[in-house]
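Peer 1: Provided herewith is a single structure, encoded as structure tokens, for subsequent inquiry.
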Amino acid sequence: MPERRTVALVTLGCARNEVDSEELAGRLEADGWQLVEDAADADVAVVNTCGFVEAAKKDSVDALLEANDLKDHGRTQAVVAVGCMAERYGKELAEALPEADGVLGFDDYADISDRLQTILSGGIHAAHTPRDRRKLLPISPAERQETAATVALPGHGPADLPEGVAPASGPRAPLRRRLDGSAVASVKLASGCDRRCSFCAIPSFRGSFISRRPSDVLNETRWLAEQGVKEIMLVSENNTSYGKDLGDIRLLESLLPELAEVDGIERVRVSYLQPAEMRPGLIDVLTSTPKVAPYFDLSFQHSAPGVLRAMRRFGDTDRFLELLDTIRGKAPEAGVRSNFIVGFPGETESDLAELERFLNGARLDAIGVFGYSDEEGTEAATYDNKLDEDVVAERLAHISRLAEELVSQRAEERVGETVRVLVESVDEEEGVYGRAAHQAPETDGQVLLTSGVGLSVGRMVEAKVVATEGVDLVAEPLTGSLACSEEAGR
């Protein structure tokens, strides 16, 4: 019997890419490929690239080159690029990086097995010519669902895999295969974006916004729960737009309680929210529904009105602070994070001071700060009033220092709070770590528990915050909660 073909998936970038990798893994496993963790043990290394900003693109290229090195002293015979960078640049990337044996776009995902087999056999699959994927769907959101089946939408695969891939009982598997045993998994709520932020190229290669049907999201969540997942994180380019192409812009408000009721799921988290699209009803559901984390990943980007207008965005410091007051008026413990761009073309000293005013008043739990750089194909790249690189670097350093101080102060405010912690790692030497409701995976800090008695990965435990370490918390598990965890583990 011939040895099975082996493949490893190396994923860079955001949680949406992680979902896409698991879709590719599901397709490959269903077609007989053996999935391995280490690229050195694989016949083919598939690198799921990120094409968002220059730093991410460099990381993607480095990962491709590192995988290519394995061909000289490992099992690896071919290295293939997929993902956003591959979709965005296509032939250009293939020509600039001959070390990649293949550059596959989203349209290749449905035939990923055949594509890899062709490349592994020494054949050539021509890299695609990039196109503006916004033009593949109707302009009107209401008309998109009818044509969605004709467009490649990573993460929107059919609800079922062939027999033998899904579990024997319970919900059928989505077109997805988990690549780790984490108690947390992302679920794609939608793809693409209809916003036209002047600094962002994502819509051009991810396409127009299109929602997944609620039944698909629910079935996938049920399947993940059967795999041992305790927390799901809903991801897309813009979750606040969910349902607009399905005839109901408030569909998220009705879907969240259903997801929270799925057996086995302990926490539902929503990411990627647009401040300008926040609705009172959505705030109510996020702050009052059991098992739905009162967590607000709000894309502010800046707070000076002039800068926001140049970014093709809306809002200002006072309106943003009012939104946060509304959220905390309903859930004082709510977690809030955001990202900001400093040094945007035309940004003045007074604009920077306005951003500082907002940050000082916002009490954010996590803050990401990025210095502006041109992204090809974006409107902002054509602006004339660019700041010198040293000015951008100076402002980035200044706001980053402020952000670090502010998130540490916000963490200190939580001393004395009782938090529900999802245990994610248990190690005799390192200790027991997890995350509270205000902490998303990998981005927002973590909680060190002072005792690990009776705890294992995937347990949800109540604990009292007793100290902080920067943005991280130190918490003491409550006795009753530990007893419940021990009972649940028997």
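Lettering and numbering for the structure tokens are positional, with chains as A, B, ... in the shown order, residues counted from 1 in each chain, and ligands counted from 1 in the shown order.
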So which residues touch Leu35 in chain A within 8 Å, counting only C-alpha atoms, skipping near sequence neighbours fewer than 3 positions away, as a PDB file with N, CA and C atoms, in the first residue's frame?
Peer 2:
ATOM      1  N   THR A   6       1.891  13.532   2.712  1.00  0.00           N
ATOM      2  CA  THR A   6       1.826  14.320   3.944  1.00  0.00           C
ATOM      3  C   THR A   6       1.878  15.808   3.623  1.00  0.00           C
ATOM      4  N   VAL A   7       1.193  16.588   4.445  1.00  0.00           N
ATOM      5  CA  VAL A   7       1.131  18.036   4.244  1.00  0.00           C
ATOM      6  C   VAL A   7       1.105  18.726   5.599  1.00  0.00           C
ATOM      7  N   ALA A   8       1.793  19.858   5.688  1.00  0.00           N
ATOM      8  CA  ALA A   8       1.782  20.692   6.892  1.00  0.00           C
ATOM      9  C   ALA A   8       1.276  22.075   6.517  1.00  0.00           C
ATOM     10  N   ALA A  25      -7.282  22.122   5.609  1.00  0.00           N
ATOM     11  CA  ALA A  25      -6.951  20.848   6.255  1.00  0.00           C
ATOM     12  C   ALA A  25      -8.088  19.851   6.100  1.00  0.00           C
ATOM     13  N   GLU A  29      -7.544  16.333   4.162  1.00  0.00           N
ATOM     14  CA  GLU A  29      -7.725  15.079   4.870  1.00  0.00           C
ATOM     15  C   GLU A  29      -8.821  14.242   4.230  1.00  0.00           C
TER      16      GLU A  29
END
Peer 1: Taking the chain letters and numbering used in this document, name the residues of range 221-385 of chain A that DSSP puts in strand (DSSP E), as a PyMOL selection string.
Peer 2: chain A and resi 231-235+267-270+295-297+335-342+366-371
Peer 1: Kindly provide the residues of range 241-315 of chain A that approach range 370-387 of chain A to within 12 Å, each paired with its closest atom pair and their distance in Å to one decimal, based on only C-alpha atoms, listed by chain and increasing number, as CSV.
Peer 2:
residue,atom,partner,partner_atom,distance
A:Gln301,CA,A:Phe370,CA,9.3
A:His302,CA,A:Phe370,CA,10.9
A:Val307,CA,A:Ala380,CA,11.2
A:Leu308,CA,A:Ala380,CA,11.9
A:Arg309,CA,A:Ala380,CA,11.5
A:Ala310,CA,A:Ala380,CA,8.0
A:Met311,CA,A:Ala380,CA,7.5
A:Arg312,CA,A:Glu379,CA,9.6
Peer 1: Which neighbours of Val421 in chain A fall inside 10 Å, counting only C-alpha atoms, when residues of the same chain fewer than 4 positions from it are skipped, and could you give them as a PyMOL selection string?
Peer 2: chain A and resi 433-439+446-449+458-464+475+477
Peer 1: Store the residues picked out above, limited to N, CA, C and O atoms, as a tab-separated table (two decimals), in the first residue's frame.
Peer 2:
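Heads up, here's the output in part.tsv:
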chain	number	residue	atom	x	y	z
A	433	TYR	N	-2.44	29.09	33.51
A	433	TYR	CA	-2.83	30.33	32.85
A	433	TYR	C	-4.16	30.16	32.12
A	433	TYR	O	-4.50	29.08	31.64
A	434	GLY	N	-4.89	31.26	32.05
A	434	GLY	CA	-6.15	31.27	31.31
A	434	GLY	C	-6.50	32.69	30.94
A	434	GLY	O	-5.69	33.61	31.05
A	435	ARG	N	-7.74	32.87	30.51
A	435	ARG	CA	-8.21	34.20	30.10
A	435	ARG	C	-9.58	34.47	30.69
A	435	ARG	O	-10.43	33.58	30.77
A	436	ALA	N	-9.77	35.73	31.08
A	436	ALA	CA	-11.07	36.18	31.56
A	436	ALA	C	-11.90	36.67	30.37
A	436	ALA	O	-11.43	36.71	29.23
A	437	ALA	N	-13.13	37.07	30.65
A	437	ALA	CA	-14.04	37.47	29.57
A	437	ALA	C	-13.54	38.69	28.80
A	437	ALA	O	-13.85	38.85	27.62
A	438	HIS	N	-12.73	39.53	29.44
A	438	HIS	CA	-12.27	40.75	28.76
A	438	HIS	C	-10.97	40.53	27.99
A	438	HIS	O	-10.40	41.48	27.46
A	439	GLN	N	-10.54	39.28	27.87
A	439	GLN	CA	-9.25	38.98	27.23
A	439	GLN	C	-9.44	38.01	26.07
A	439	GLN	O	-9.78	36.85	26.27
A	446	GLN	N	-3.44	37.84	29.83
A	446	GLN	CA	-3.92	36.58	30.37
A	446	GLN	C	-4.01	36.66	31.88
A	446	GLN	O	-3.67	37.67	32.49
A	447	VAL	N	-4.47	35.56	32.48
A	447	VAL	CA	-4.63	35.48	33.94
A	447	VAL	C	-3.77	34.33	34.46
A	447	VAL	O	-3.86	33.20	33.97
A	448	LEU	N	-2.93	34.62	35.44
A	448	LEU	CA	-2.18	33.59	36.14
A	448	LEU	C	-2.96	33.22	37.39
A	448	LEU	O	-3.25	34.08	38.24
A	449	LEU	N	-3.34	31.95	37.50
A	449	LEU	CA	-4.07	31.48	38.67
A	449	LEU	C	-3.09	31.03	39.75
A	449	LEU	O	-2.10	30.35	39.46
A	458	GLY	N	-9.39	23.75	29.59
A	458	GLY	CA	-10.80	23.73	29.19
A	458	GLY	C	-11.75	23.99	30.34
A	458	GLY	O	-12.95	24.19	30.11
A	459	ARG	N	-11.25	23.99	31.58
A	459	ARG	CA	-12.11	24.27	32.72
A	459	ARG	C	-12.40	25.77	32.81
A	459	ARG	O	-11.55	26.60	32.50
A	460	MET	N	-13.59	26.09	33.24
A	460	MET	CA	-13.96	27.47	33.52
A	460	MET	C	-14.04	27.61	35.04
A	460	MET	O	-14.75	26.85	35.70
A	461	VAL	N	-13.28	28.58	35.58
A	461	VAL	CA	-13.21	28.72	37.03
A	461	VAL	C	-13.39	30.18	37.41
A	461	VAL	O	-12.90	31.08	36.72
A	462	GLU	N	-14.09	30.42	38.51
A	462	GLU	CA	-14.22	31.77	39.04
A	462	GLU	C	-13.03	32.06	39.94
A	462	GLU	O	-12.60	31.22	40.73
A	463	ALA	N	-12.51	33.28	39.81
A	463	ALA	CA	-11.34	33.64	40.60
A	463	ALA	C	-11.38	35.13	40.93
A	463	ALA	O	-11.98	35.92	40.20
A	464	LYS	N	-10.73	35.48	42.03
A	464	LYS	CA	-10.67	36.86	42.46
A	464	LYS	C	-9.32	37.44	42.07
A	464	LYS	O	-8.27	36.86	42.38
A	475	ALA	N	-4.84	35.94	39.76
A	475	ALA	CA	-6.14	35.72	40.41
A	475	ALA	C	-6.13	34.44	41.24
A	475	ALA	O	-5.48	33.46	40.89
A	477	PRO	N	-8.26	31.37	42.61
A	477	PRO	CA	-9.52	30.64	42.38
A	477	PRO	C	-10.35	30.60	43.66
A	477	PRO	O	-9.82	30.44	44.76
Peer 1: Leaving out range 46-56 of chain A and any residue of its chain fewer than 4 positions from it, which residues lie within 8 Å of it when counting only C-alpha atoms, given as a VMD selection string?
Peer 2: chain A and resid 7 to 14 17 21 60 63 to 64 79 to 86 88 200 to 202 375
Peer 1: Could you please take those selected residues and save N, CA and C atoms as a compact mmCIF listing (two decimals), in the first residue's frame?
Peer 2:
# COMPACT_ATOMS: atom_id res chain seq x y z
N VAL A 7 1.19 16.59 4.45
CA VAL A 7 1.13 18.04 4.24
C VAL A 7 1.10 18.73 5.60
N ALA A 8 1.79 19.86 5.69
CA ALA A 8 1.78 20.69 6.89
C ALA A 8 1.28 22.07 6.52
N LEU A 9 0.46 22.65 7.37
CA LEU A 9 -0.06 24.00 7.15
C LEU A 9 0.58 24.95 8.15
N VAL A 10 1.23 25.97 7.63
CA VAL A 10 1.85 27.01 8.45
C VAL A 10 1.01 28.27 8.31
N THR A 11 0.43 28.75 9.40
CA THR A 11 -0.52 29.84 9.33
C THR A 11 0.03 31.12 9.93
N LEU A 12 -0.05 32.20 9.17
CA LEU A 12 0.34 33.53 9.65
C LEU A 12 -0.89 34.44 9.61
N GLY A 13 -0.79 35.55 10.36
CA GLY A 13 -1.87 36.53 10.30
C GLY A 13 -2.96 36.31 11.32
N CYS A 14 -4.17 36.67 10.95
CA CYS A 14 -5.27 36.79 11.90
C CYS A 14 -6.04 35.48 12.10
N ASN A 17 -7.51 33.76 9.05
CA ASN A 17 -6.59 32.87 8.34
C ASN A 17 -6.53 31.50 9.00
N SER A 21 -7.18 27.96 7.17
CA SER A 21 -6.24 26.83 7.20
C SER A 21 -6.95 25.54 7.60
N SER A 60 5.55 36.64 6.12
CA SER A 60 5.08 35.60 5.21
C SER A 60 6.19 35.14 4.28
N ALA A 63 8.64 33.06 6.19
CA ALA A 63 8.12 31.70 6.44
C ALA A 63 8.25 30.83 5.19
N LEU A 64 8.01 31.40 4.03
CA LEU A 64 8.16 30.66 2.78
C LEU A 64 9.62 30.27 2.54
N VAL A 79 6.99 23.69 -1.60
CA VAL A 79 6.49 24.76 -0.73
C VAL A 79 5.47 25.56 -1.53
N VAL A 80 4.29 25.74 -0.94
CA VAL A 80 3.19 26.40 -1.66
C VAL A 80 2.65 27.55 -0.82
N ALA A 81 2.46 28.69 -1.46
CA ALA A 81 1.89 29.86 -0.80
C ALA A 81 0.39 29.94 -1.09
N VAL A 82 -0.39 30.14 -0.03
CA VAL A 82 -1.82 30.41 -0.16
C VAL A 82 -2.13 31.62 0.71
N GLY A 83 -3.39 31.99 0.85
CA GLY A 83 -3.76 33.08 1.75
C GLY A 83 -3.77 34.44 1.09
N CYS A 84 -3.85 35.46 1.93
CA CYS A 84 -4.10 36.82 1.46
C CYS A 84 -2.98 37.37 0.57
N MET A 85 -1.73 37.12 0.95
CA MET A 85 -0.62 37.64 0.15
C MET A 85 -0.58 36.96 -1.21
N ALA A 86 -0.85 35.65 -1.22
CA ALA A 86 -0.87 34.92 -2.48
C ALA A 86 -2.02 35.40 -3.35
N ARG A 88 -3.48 38.36 -3.18
CA ARG A 88 -3.31 39.77 -3.53
C ARG A 88 -2.30 39.98 -4.65
N CYS A 200 -6.74 50.94 3.93
CA CYS A 200 -6.89 49.49 3.95
C CYS A 200 -7.13 48.91 2.56
N ALA A 201 -6.37 47.87 2.24
CA ALA A 201 -6.50 47.19 0.95
C ALA A 201 -7.30 45.90 1.04
N ILE A 202 -7.69 45.50 2.24
CA ILE A 202 -8.32 44.19 2.43
C ILE A 202 -9.52 43.96 1.52
N GLU A 375 0.18 51.65 1.92
CA GLU A 375 -0.20 50.35 1.39
C GLU A 375 -0.59 50.54 -0.07
Peer 1: Need the shell around Ser182 in chain A: protein/DNA/RNA residues with any atom at most 10 Å away, counting only C-alpha atoms. Skip same-chain ones fewer than 4 positions apart. Format as a list of chain:residue names?
Peer 2: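 These residues fall inside the cut-off: A:Arg178, A:Gln227, A:Gly228, A:Val229, A:Lys230, A:Glu231, A:Glu424, A:Ser425, A:Val457, A:Gly458.
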Peer 1: Can you pull out every residue within 9 Å of His125 in chain A, counting only C-alpha atoms, but drop anything in the same chain fewer than 6 positions away, and send it as a PyMOL selection string?
Peer 2: chain A and resi 101-104+115+118-119
Peer 1: Restricting the calculation to only C-alpha atoms: of A:Lys58, A:Arg4, A:Arg319, A:Arg410, which residue gets closest to Leu364 in chain A?
Peer 2: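 Ranked by minimum distance to Leu364 in chain A, first place goes to A:Arg410.
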Peer 1: Would you please work out which residue, of A:Val268, A:Met278, A:Ala190, A:Ile139, is nearest to Glu237 in chain A when using only C-alpha atoms?
Peer 2: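 Checking each candidate against Glu237 in chain A, we get A:Ala190 as the closest.
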Peer 1: For Pro275 in chain A, which residue out of A:Thr147, A:Asn238, A:Gln117, A:Ser299 is the nearest one, using only C-alpha atoms?
Peer 2: A:Ser299
Peer 1: Calculated over only C-alpha atoms, which of the candidates A:Ala45, A:Lys91, A:Asp180, A:Ser456 has the smallest distance to Leu70 in chain A?
Peer 2: A:Ala45
Peer 1: Name the closest residue to Pro441 in chain A among the candidates A:Gly368, A:Asp263, A:Ser271, A:Leu256; distances are taken between atoms, counting only C-alpha atoms.
Peer 2: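 Comparing A:Gly368, A:Asp263, A:Ser271, A:Leu256 against Pro441 in chain A, the winner is A:Ser271.
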Peer 1: If we count only C-alpha atoms and set the cut-off at 9 Å, which residues sit around Val262 in chain A, ignoring sequence neighbours fewer than 2 positions away in its own chain? Please answer as a ChimeraX atom specification.
Peer 2: /A:218,221-222,225,258-260,264-266
Peer 1: Please save C-alpha atoms of the selected residues as an mmCIF file, in the first residue's frame.
Peer 2:
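Once everything was written out, this is selection-v2.cif:
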data_model
loop_
_atom_site.group_PDB
_atom_site.id
_atom_site.type_symbol
_atom_site.label_atom_id
_atom_site.label_comp_id
_atom_site.auth_asym_id
_atom_site.auth_seq_id
_atom_site.Cartn_x
_atom_site.Cartn_y
_atom_site.Cartn_z
ATOM 1 C CA LEU A 218 -24.738 27.177 14.523
ATOM 2 C CA THR A 221 -20.379 25.715 16.636
ATOM 3 C CA ARG A 222 -22.150 22.498 17.631
ATOM 4 C CA ALA A 225 -18.343 21.854 20.946
ATOM 5 C CA GLU A 258 -28.645 30.637 20.212
ATOM 6 C CA LEU A 259 -24.881 30.154 20.078
ATOM 7 C CA ALA A 260 -24.643 30.623 23.845
ATOM 8 C CA GLY A 264 -20.635 22.450 25.845
ATOM 9 C CA ILE A 265 -19.967 26.067 24.888
ATOM 10 C CA GLU A 266 -19.020 28.165 27.910
#
Peer 1: Using DSSP assignments from the backbone, pull out every residue in range 314-406 of chain A that falls under alpha helix (DSSP H) and give it to me as a ChimeraX atom specification.
Peer 2: /A:317-330,349-362,389-406
Peer 1: Interatomic distance between CA of Pro154 in chain A and CA of Ser113 in chain A?
Peer 2: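 One can read the CA of Pro154 in chain A to CA of Ser113 in chain A distance as 15.2 Å.
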Peer 1: Counting only C-alpha atoms, figure out which residue out of A:Ile232, A:Glu220, A:Asp365, A:Tyr109 gets nearest to Ala183 in chain A.
Peer 2: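 Smallest distance to Ala183 in chain A is found for A:Ile232.
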